[in-house]
Amino acid sequence: MTEQDISSVLLPPDYKPTEKEEYMNANMLQYFKEKLLAWKAEIVRESEHTLAQLEQEGGIREPDVNDRATLETEHSLELRTRDRERKLINKINEALDNIEKGEYGYCEETGEEIGVRRLEARPTATLCIEAQERHEKREKTRRDMADVHID
């Protein structure tokens with residue numbers, strides 16, 4: 001299915017993909033594409049709002065040391081959040097690319113269907129649940145082994 005085929009799909013306003021329909025049909029792909037684009041737009045809006053707010057505030061000029069420290073902490077947290085969101089935008093862009101390539105919704109490790117329910121919960125998922133669990137176990141084992149070497 002080409003990008004043009006997907007873009008020509010007009011979804012009913014109440015459309016929700018189900019396990020009963022053909023997996024990754026044109027409606028489903030368009031649904032996830034719109035969901036990803038809306039999520040990306042929301043993140044960009046929030047980032048622009050944060051930048052405008054920081055620019056408006058200018059430098060931190062609070063005379064009180066505690067107030068200044070509080071503001072610096074808030075700014076730091078906000079910037080860390082925006083950095084995580086920047087990384088999330090990269091994942092959203094990868095998911096959108098996968099839709100264009102016809103690879104969206106399939107596990108990059110096993111080639112199996114990721115599943116509608118998992119994609120509803122995490123539209124940027126690239127691994128099926130089983131592959132994700134194996135990945136997390138390997139990561140935990142690496143962390144545990146690193147902790148053993150530290151002690």
# chains A, B, ... in the order shown; residues from 1 in each chain; ligands from 1
>>> select_by_dssp(residues="chain A", states="alpha helix (DSSP H)", output="PyMOL selection string")
chain A and resi 3-7+26-57+65-101+116-121+129-150
>>> write_last_selection(atoms="C-alpha atoms", output="compact mmCIF listing (two decimals), in the first residue's frame")
# COMPACT_ATOMS: atom_id res chain seq x y z
CA GLU A 3 1.47 6.60 0.92
CA GLN A 4 -1.00 7.99 -1.62
CA ASP A 5 -3.39 5.07 -0.98
CA ILE A 6 -3.29 5.77 2.75
CA SER A 7 -3.65 9.54 2.45
CA ALA A 26 -5.65 1.41 4.78
CA ASN A 27 -8.04 2.65 7.49
CA MET A 28 -5.81 1.36 10.28
CA LEU A 29 -2.68 2.87 8.76
CA GLN A 30 -4.38 6.22 8.25
CA TYR A 31 -5.70 6.10 11.82
CA PHE A 32 -2.21 5.57 13.27
CA LYS A 33 -0.71 8.15 10.91
CA GLU A 34 -3.20 10.77 12.11
CA LYS A 35 -2.65 9.75 15.73
CA LEU A 36 1.12 10.08 15.38
CA LEU A 37 0.88 13.43 13.56
CA ALA A 38 -1.47 14.83 16.23
CA TRP A 39 0.85 13.65 19.01
CA LYS A 40 3.85 15.22 17.27
CA ALA A 41 1.98 18.52 16.77
CA GLU A 42 1.05 18.59 20.46
CA ILE A 43 4.66 18.06 21.52
CA VAL A 44 5.88 20.78 19.16
CA ARG A 45 3.23 23.19 20.51
CA GLU A 46 4.29 22.49 24.09
CA SER A 47 7.96 22.97 23.19
CA GLU A 48 7.25 26.28 21.49
CA HIS A 49 5.28 27.39 24.54
CA THR A 50 8.18 26.48 26.82
CA LEU A 51 10.70 28.33 24.66
CA ALA A 52 8.48 31.41 24.49
CA GLN A 53 8.03 31.32 28.26
CA LEU A 54 11.78 31.03 28.87
CA GLU A 55 12.48 33.87 26.45
CA GLN A 56 9.82 36.02 28.07
CA GLU A 57 11.27 35.45 31.52
CA VAL A 65 18.66 32.77 46.54
CA ASN A 66 15.91 30.23 47.31
CA ASP A 67 13.57 31.68 44.67
CA ARG A 68 16.37 31.67 42.12
CA ALA A 69 17.25 28.04 42.95
CA THR A 70 13.60 27.05 42.62
CA LEU A 71 13.33 28.74 39.22
CA GLU A 72 16.57 27.15 38.02
CA THR A 73 15.30 23.71 39.10
CA GLU A 74 11.97 24.27 37.32
CA HIS A 75 13.76 25.38 34.15
CA SER A 76 16.08 22.39 34.31
CA LEU A 77 13.17 19.97 34.70
CA GLU A 78 11.30 21.63 31.86
CA LEU A 79 14.32 21.42 29.55
CA ARG A 80 14.88 17.75 30.43
CA THR A 81 11.24 17.06 29.62
CA ARG A 82 11.61 18.83 26.29
CA ASP A 83 14.75 16.79 25.54
CA ARG A 84 12.83 13.55 26.19
CA GLU A 85 10.08 14.85 23.92
CA ARG A 86 12.64 15.65 21.21
CA LYS A 87 13.71 12.00 21.34
CA LEU A 88 10.05 10.99 21.21
CA ILE A 89 9.56 13.11 18.08
CA ASN A 90 12.38 11.11 16.47
CA LYS A 91 10.52 7.89 17.32
CA ILE A 92 7.28 9.35 15.95
CA ASN A 93 9.08 10.30 12.72
CA GLU A 94 10.47 6.75 12.47
CA ALA A 95 6.95 5.34 12.93
CA LEU A 96 5.64 7.66 10.20
CA ASP A 97 8.47 6.51 7.92
CA ASN A 98 7.53 2.90 8.66
CA ILE A 99 3.94 3.66 7.64
CA GLU A 100 5.22 5.03 4.32
CA LYS A 101 7.44 1.97 3.79
CA VAL A 116 -3.61 -3.16 17.60
CA ARG A 117 -3.97 -2.91 21.37
CA ARG A 118 -0.23 -2.45 21.89
CA LEU A 119 -0.04 0.18 19.13
CA GLU A 120 -3.03 2.01 20.62
CA ALA A 121 -1.16 2.20 23.92
CA ILE A 129 5.39 -7.91 23.42
CA GLU A 130 7.49 -11.10 23.44
CA ALA A 131 10.47 -9.39 21.78
CA GLN A 132 10.11 -6.38 24.10
CA GLU A 133 10.12 -8.67 27.15
CA ARG A 134 13.27 -10.44 25.89
CA HIS A 135 14.90 -7.04 25.29
CA GLU A 136 14.00 -5.84 28.80
CA LYS A 137 15.33 -9.07 30.38
CA ARG A 138 18.65 -8.64 28.54
CA GLU A 139 18.85 -5.02 29.72
CA LYS A 140 18.09 -6.03 33.31
CA THR A 141 20.74 -8.74 33.17
CA ARG A 142 23.29 -6.22 31.87
CA ARG A 143 22.42 -3.77 34.64
CA ASP A 144 22.58 -6.51 37.27
CA MET A 145 25.97 -7.64 35.99
CA ALA A 146 27.21 -4.03 35.98
CA ASP A 147 26.06 -3.66 39.59
CA VAL A 148 27.96 -6.82 40.57
CA HIS A 149 31.18 -5.39 39.10
CA ILE A 150 30.69 -2.12 40.98
>>> atom_distance(atom1="atom CA of Glu108 of chain A", atom2="atom CA of Lys20 of chain A")
23.0 Å
>>> atom_distance(atom1="atom CA of Tyr104 of chain A", atom2="atom CA of Lys16 of chain A")
16.8 Å
>>> atom_distance(atom1="atom CA of Thr18 of chain A", atom2="atom CA of Pro123 of chain A")
14.5 Å
>>> closest_residue(among="A:Glu19, A:Pro12, A:Gly105, A:Pro63", to="Arg122 of chain A", atoms="only C-alpha atoms")
A:Gly105
>>> decode(residues="segment 2-43 of chain A", atoms="N, CA and C atoms", output="PDB file, in the first residue's frame")
ATOM      1  N   THR A   2       0.638   2.161  -0.884  1.00  0.00           N
ATOM      2  CA  THR A   2       1.471   3.348  -1.000  1.00  0.00           C
ATOM      3  C   THR A   2       0.966   4.453  -0.088  1.00  0.00           C
ATOM      4  N   GLU A   3       1.828   5.436   0.103  1.00  0.00           N
ATOM      5  CA  GLU A   3       1.475   6.602   0.917  1.00  0.00           C
ATOM      6  C   GLU A   3       0.242   7.299   0.343  1.00  0.00           C
ATOM      7  N   GLN A   4       0.147   7.355  -0.972  1.00  0.00           N
ATOM      8  CA  GLN A   4      -0.996   7.990  -1.619  1.00  0.00           C
ATOM      9  C   GLN A   4      -2.280   7.227  -1.308  1.00  0.00           C
ATOM     10  N   ASP A   5      -2.219   5.887  -1.314  1.00  0.00           N
ATOM     11  CA  ASP A   5      -3.390   5.071  -0.980  1.00  0.00           C
ATOM     12  C   ASP A   5      -3.878   5.378   0.433  1.00  0.00           C
ATOM     13  N   ILE A   6      -2.937   5.509   1.351  1.00  0.00           N
ATOM     14  CA  ILE A   6      -3.285   5.767   2.750  1.00  0.00           C
ATOM     15  C   ILE A   6      -3.869   7.166   2.902  1.00  0.00           C
ATOM     16  N   SER A   7      -3.216   8.147   2.295  1.00  0.00           N
ATOM     17  CA  SER A   7      -3.650   9.539   2.447  1.00  0.00           C
ATOM     18  C   SER A   7      -5.025   9.796   1.847  1.00  0.00           C
ATOM     19  N   SER A   8      -5.429   8.980   0.902  1.00  0.00           N
ATOM     20  CA  SER A   8      -6.735   9.193   0.285  1.00  0.00           C
ATOM     21  C   SER A   8      -7.870   8.630   1.139  1.00  0.00           C
ATOM     22  N   VAL A   9      -7.526   7.950   2.220  1.00  0.00           N
ATOM     23  CA  VAL A   9      -8.535   7.357   3.107  1.00  0.00           C
ATOM     24  C   VAL A   9      -9.130   8.447   3.987  1.00  0.00           C
ATOM     25  N   LEU A  10     -10.444   8.520   4.004  1.00  0.00           N
ATOM     26  CA  LEU A  10     -11.147   9.445   4.878  1.00  0.00           C
ATOM     27  C   LEU A  10     -11.800   8.614   5.983  1.00  0.00           C
ATOM     28  N   LEU A  11     -11.273   8.759   7.176  1.00  0.00           N
ATOM     29  CA  LEU A  11     -11.762   7.952   8.294  1.00  0.00           C
ATOM     30  C   LEU A  11     -13.059   8.518   8.858  1.00  0.00           C
ATOM     31  N   PRO A  12     -13.985   7.636   9.239  1.00  0.00           N
ATOM     32  CA  PRO A  12     -15.157   8.112   9.980  1.00  0.00           C
ATOM     33  C   PRO A  12     -14.686   8.705  11.307  1.00  0.00           C
ATOM     34  N   PRO A  13     -15.357   9.714  11.829  1.00  0.00           N
ATOM     35  CA  PRO A  13     -14.901  10.379  13.057  1.00  0.00           C
ATOM     36  C   PRO A  13     -14.794   9.447  14.266  1.00  0.00           C
ATOM     37  N   ASP A  14     -15.565   8.382  14.281  1.00  0.00           N
ATOM     38  CA  ASP A  14     -15.558   7.481  15.438  1.00  0.00           C
ATOM     39  C   ASP A  14     -14.757   6.202  15.186  1.00  0.00           C
ATOM     40  N   TYR A  15     -13.941   6.188  14.131  1.00  0.00           N
ATOM     41  CA  TYR A  15     -13.196   4.978  13.788  1.00  0.00           C
ATOM     42  C   TYR A  15     -12.166   4.631  14.853  1.00  0.00           C
ATOM     43  N   LYS A  16     -12.140   3.379  15.238  1.00  0.00           N
ATOM     44  CA  LYS A  16     -11.109   2.817  16.116  1.00  0.00           C
ATOM     45  C   LYS A  16     -10.738   1.470  15.516  1.00  0.00           C
ATOM     46  N   PRO A  17      -9.454   1.192  15.338  1.00  0.00           N
ATOM     47  CA  PRO A  17      -9.072  -0.102  14.787  1.00  0.00           C
ATOM     48  C   PRO A  17      -9.421  -1.239  15.749  1.00  0.00           C
ATOM     49  N   THR A  18      -9.740  -2.383  15.175  1.00  0.00           N
ATOM     50  CA  THR A  18     -10.076  -3.544  15.997  1.00  0.00           C
ATOM     51  C   THR A  18      -9.250  -4.739  15.543  1.00  0.00           C
ATOM     52  N   GLU A  19      -9.192  -5.740  16.412  1.00  0.00           N
ATOM     53  CA  GLU A  19      -8.479  -6.984  16.099  1.00  0.00           C
ATOM     54  C   GLU A  19      -9.236  -7.785  15.036  1.00  0.00           C
ATOM     55  N   LYS A  20     -10.501  -7.458  14.800  1.00  0.00           N
ATOM     56  CA  LYS A  20     -11.341  -8.233  13.881  1.00  0.00           C
ATOM     57  C   LYS A  20     -11.098  -7.890  12.412  1.00  0.00           C
ATOM     58  N   GLU A  21     -10.591  -6.688  12.137  1.00  0.00           N
ATOM     59  CA  GLU A  21     -10.387  -6.293  10.740  1.00  0.00           C
ATOM     60  C   GLU A  21      -8.992  -6.711  10.258  1.00  0.00           C
ATOM     61  N   GLU A  22      -8.806  -6.632   8.964  1.00  0.00           N
ATOM     62  CA  GLU A  22      -7.515  -6.990   8.376  1.00  0.00           C
ATOM     63  C   GLU A  22      -6.428  -6.111   8.982  1.00  0.00           C
ATOM     64  N   TYR A  23      -5.364  -6.742   9.446  1.00  0.00           N
ATOM     65  CA  TYR A  23      -4.282  -6.030  10.119  1.00  0.00           C
ATOM     66  C   TYR A  23      -3.581  -5.068   9.163  1.00  0.00           C
ATOM     67  N   MET A  24      -3.409  -3.855   9.599  1.00  0.00           N
ATOM     68  CA  MET A  24      -2.740  -2.773   8.883  1.00  0.00           C
ATOM     69  C   MET A  24      -3.347  -2.509   7.507  1.00  0.00           C
ATOM     70  N   ASN A  25      -4.682  -2.512   7.473  1.00  0.00           N
ATOM     71  CA  ASN A  25      -5.379  -2.096   6.253  1.00  0.00           C
ATOM     72  C   ASN A  25      -5.272  -0.572   6.125  1.00  0.00           C
ATOM     73  N   ALA A  26      -5.788  -0.030   5.041  1.00  0.00           N
ATOM     74  CA  ALA A  26      -5.650   1.409   4.776  1.00  0.00           C
ATOM     75  C   ALA A  26      -6.256   2.263   5.885  1.00  0.00           C
ATOM     76  N   ASN A  27      -7.416   1.878   6.409  1.00  0.00           N
ATOM     77  CA  ASN A  27      -8.037   2.647   7.492  1.00  0.00           C
ATOM     78  C   ASN A  27      -7.154   2.653   8.739  1.00  0.00           C
ATOM     79  N   MET A  28      -6.639   1.482   9.084  1.00  0.00           N
ATOM     80  CA  MET A  28      -5.814   1.361  10.277  1.00  0.00           C
ATOM     81  C   MET A  28      -4.533   2.187  10.132  1.00  0.00           C
ATOM     82  N   LEU A  29      -3.906   2.100   8.982  1.00  0.00           N
ATOM     83  CA  LEU A  29      -2.680   2.868   8.756  1.00  0.00           C
ATOM     84  C   LEU A  29      -2.951   4.373   8.817  1.00  0.00           C
ATOM     85  N   GLN A  30      -4.040   4.805   8.206  1.00  0.00           N
ATOM     86  CA  GLN A  30      -4.384   6.222   8.246  1.00  0.00           C
ATOM     87  C   GLN A  30      -4.686   6.659   9.672  1.00  0.00           C
ATOM     88  N   TYR A  31      -5.379   5.809  10.419  1.00  0.00           N
ATOM     89  CA  TYR A  31      -5.696   6.105  11.823  1.00  0.00           C
ATOM     90  C   TYR A  31      -4.411   6.346  12.625  1.00  0.00           C
ATOM     91  N   PHE A  32      -3.450   5.425  12.504  1.00  0.00           N
ATOM     92  CA  PHE A  32      -2.207   5.573  13.270  1.00  0.00           C
ATOM     93  C   PHE A  32      -1.377   6.745  12.758  1.00  0.00           C
ATOM     94  N   LYS A  33      -1.425   6.995  11.463  1.00  0.00           N
ATOM     95  CA  LYS A  33      -0.710   8.147  10.914  1.00  0.00           C
ATOM     96  C   LYS A  33      -1.265   9.440  11.523  1.00  0.00           C
ATOM     97  N   GLU A  34      -2.583   9.573  11.536  1.00  0.00           N
ATOM     98  CA  GLU A  34      -3.203  10.773  12.111  1.00  0.00           C
ATOM     99  C   GLU A  34      -2.905  10.884  13.601  1.00  0.00           C
ATOM    100  N   LYS A  35      -2.936   9.769  14.291  1.00  0.00           N
ATOM    101  CA  LYS A  35      -2.651   9.752  15.729  1.00  0.00           C
ATOM    102  C   LYS A  35      -1.219  10.214  15.992  1.00  0.00           C
ATOM    103  N   LEU A  36      -0.275   9.700  15.226  1.00  0.00           N
ATOM    104  CA  LEU A  36       1.125  10.080  15.383  1.00  0.00           C
ATOM    105  C   LEU A  36       1.346  11.559  15.040  1.00  0.00           C
ATOM    106  N   LEU A  37       0.730  12.025  13.951  1.00  0.00           N
ATOM    107  CA  LEU A  37       0.879  13.432  13.564  1.00  0.00           C
ATOM    108  C   LEU A  37       0.290  14.369  14.617  1.00  0.00           C
ATOM    109  N   ALA A  38      -0.850  14.005  15.182  1.00  0.00           N
ATOM    110  CA  ALA A  38      -1.473  14.829  16.227  1.00  0.00           C
ATOM    111  C   ALA A  38      -0.591  14.870  17.475  1.00  0.00           C
ATOM    112  N   TRP A  39      -0.023  13.732  17.837  1.00  0.00           N
ATOM    113  CA  TRP A  39       0.854  13.646  19.007  1.00  0.00           C
ATOM    114  C   TRP A  39       2.098  14.512  18.799  1.00  0.00           C
ATOM    115  N   LYS A  40       2.669  14.426  17.603  1.00  0.00           N
ATOM    116  CA  LYS A  40       3.846  15.225  17.271  1.00  0.00           C
ATOM    117  C   LYS A  40       3.517  16.721  17.329  1.00  0.00           C
ATOM    118  N   ALA A  41       2.380  17.111  16.768  1.00  0.00           N
ATOM    119  CA  ALA A  41       1.978  18.524  16.773  1.00  0.00           C
ATOM    120  C   ALA A  41       1.799  19.032  18.206  1.00  0.00           C
ATOM    121  N   GLU A  42       1.237  18.205  19.059  1.00  0.00           N
ATOM    122  CA  GLU A  42       1.048  18.594  20.463  1.00  0.00           C
ATOM    123  C   GLU A  42       2.394  18.813  21.153  1.00  0.00           C
ATOM    124  N   ILE A  43       3.335  17.930  20.913  1.00  0.00           N
ATOM    125  CA  ILE A  43       4.663  18.060  21.520  1.00  0.00           C
ATOM    126  C   ILE A  43       5.358  19.326  21.027  1.00  0.00           C
TER     127      ILE A  43
END
